[in-house]
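Before any comments, here is the structure.
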Amino acid sequence: MNDHVKGILFILLAALGFAFMSFFVKMAGDVPTMQKAFFRNIVAVVIASVSLIRYKGSLHVDKRDYLPLFLRSLFGTIGLIFNFWAISRLALPDANILNKMSPFFAVIMSIFILGEKPNRMDILTVIVAFVGAMFVVKPTAGLASLPAIVGLIGGMCAGTAYTFVRKLGKHNVPGPLIVFVFSAFSSIVCLIPMLMDYQPMTFIQFLCLILAGCSAALGQFSVTAAYTFAPAKEISVFDYSQVIYAAILGFLVFHEWPDRMSLIGYVLIIGTAVVKWYLNTHGGENETV
């Protein structure tokens with residue numbers, strides 16, 4: 001098995017992990033969002049702590065990286081909370097596809113954070129993906145669209161956080177340290193609101209949140225492994241299989257089925273990602289603007 005195939009398999013496994021994270025968060029039922037986010041993150045803190053202990057390299061961070069590390073954690077936390085809130089109120093595939101707008105938002109934020117100029121195809125893909133998101137959000141639905149708008153903002157925050165991760169990676173900040181700081185920051189942010197509105201949980205609800213944290217860890221570690229075997233431009237499109245996994249889980253367990261407008265949105269967003277991947281892997285990039 002060559003490295004390219006291994007990369008694809010790991011990215012498919014990562015997508016499955018994140019789909020199950022969403023599934024278990026929804027299965028936890030009417031537990032407050034901050035409570036869900038805290039338990040999901042505290043599991044990640046434990047796993048990240050083990051990774052830090054086993055890490056052999058230097059954990060030194062330059063002062064110039066303090067602010068990007070903080071902003072990665074801040075935007076990542078907002079994105080996580082918004083995503084969890086949306087998951088509880090939307091069909092699973094809808095919540096997942098809105099969160100998967102993050103790569104397109106990352107293109108926009110890279111202009112301001114990294115000073116990278118997008119090419120014409122980058123701009124076109126962002127526009128088409130945004131149109132696709134509007135089919136899912138259905139803004140004409142008035143207040144009924146609020147969960148979808150929150151989910152979209154969550155995807156924007158996630159894309160911003162990923163851009164700061166890239167910035168930190170360019171400065172050789174260790175990956176395990178980035179994951180630990182984000183997970184610890186998110187846990188602290190969620191702790192006080194959770195205690196103020198804590199809701200006793202059944203054993204099943206508690207188990208669902210622990211499994212959500214474990215599923216997220218599976219996703220994070222699988223993504224890391226995937227990108228050690230193959231470059232992102234060649235395999236990232238397979239991450240959209242998460243929407244398919246979520247649709248299957250939503251149909252089998254919650255009897256959810258996306259409407260026609262949402263399906264059009266899925267086709268536009270996933271189709272755009274596939275076209276972008278094809279052009280990247282076949283040298284079809286256009287010049288920057």
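Chains: A, B, ... in order of the structure tokens. Residues: from 1 per chain. Ligands: from 1, in order shown.
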
When you look at Asn41 of chain A with a cut-off of 6 Å (counting only C-alpha atoms), what residues show up, excluding the ones that are within fewer than 3 positions of it in the same chain? I need them as a PyMOL selection string.
chain A and resi 38+44+183+187

Name the residues in contact with Trp257 of chain A at a cut-off of 10 Å, using only C-alpha atoms, excluding same-chain residues fewer than 4 positions from it; report them as a ChimeraX atom specification.
/A:91-94,247-248,250-252,262-263

For Thr125 of chain A, work out the shell of residues within 9 Å, counting only C-alpha atoms and skipping chain neighbours fewer than 3 positions away, then give it as a PyMOL selection string.
chain A and resi 104+120-122+128-130+269+272-273+275-276

Nearby residues (only C-alpha atoms) at most 9 Å from Ile113 of chain A, same-chain spacing under 4 positions excluded, as a list of chain:residue names
A:Met109, A:Thr160, A:Thr163, A:Phe164, A:Lys167

Using C-alpha atoms, can you export the residues from the last selection as a PDB file, in the first residue's frame?
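The resulting result_7.pdb:
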```pdb
ATOM      1  CA  MET A 109      -8.624  34.556   6.270  1.00  0.00           C
ATOM      2  CA  THR A 160      -9.943  31.150  11.000  1.00  0.00           C
ATOM      3  CA  THR A 163      -5.363  29.468   9.434  1.00  0.00           C
ATOM      4  CA  PHE A 164      -3.698  30.282  12.744  1.00  0.00           C
ATOM      5  CA  LYS A 167       0.771  30.102  10.868  1.00  0.00           C
TER       6      LYS A 167
END
```

Would you mind reading off the distance between atom CA of Leu191 of chain A and atom CA of Lys36 of chain A, one decimal, in Å?
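Going from atom CA of Leu191 of chain A over to atom CA of Lys36 of chain A covers 10.6 Å.
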
Using only C-alpha atoms, which of the listed residues (A:Val5, A:Val131, A:Ile264, A:Val165) sits closest to Arg72 of chain A?
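Among A:Val5, A:Val131, A:Ile264, A:Val165, it is A:Val165 that comes nearest to Arg72 of chain A.
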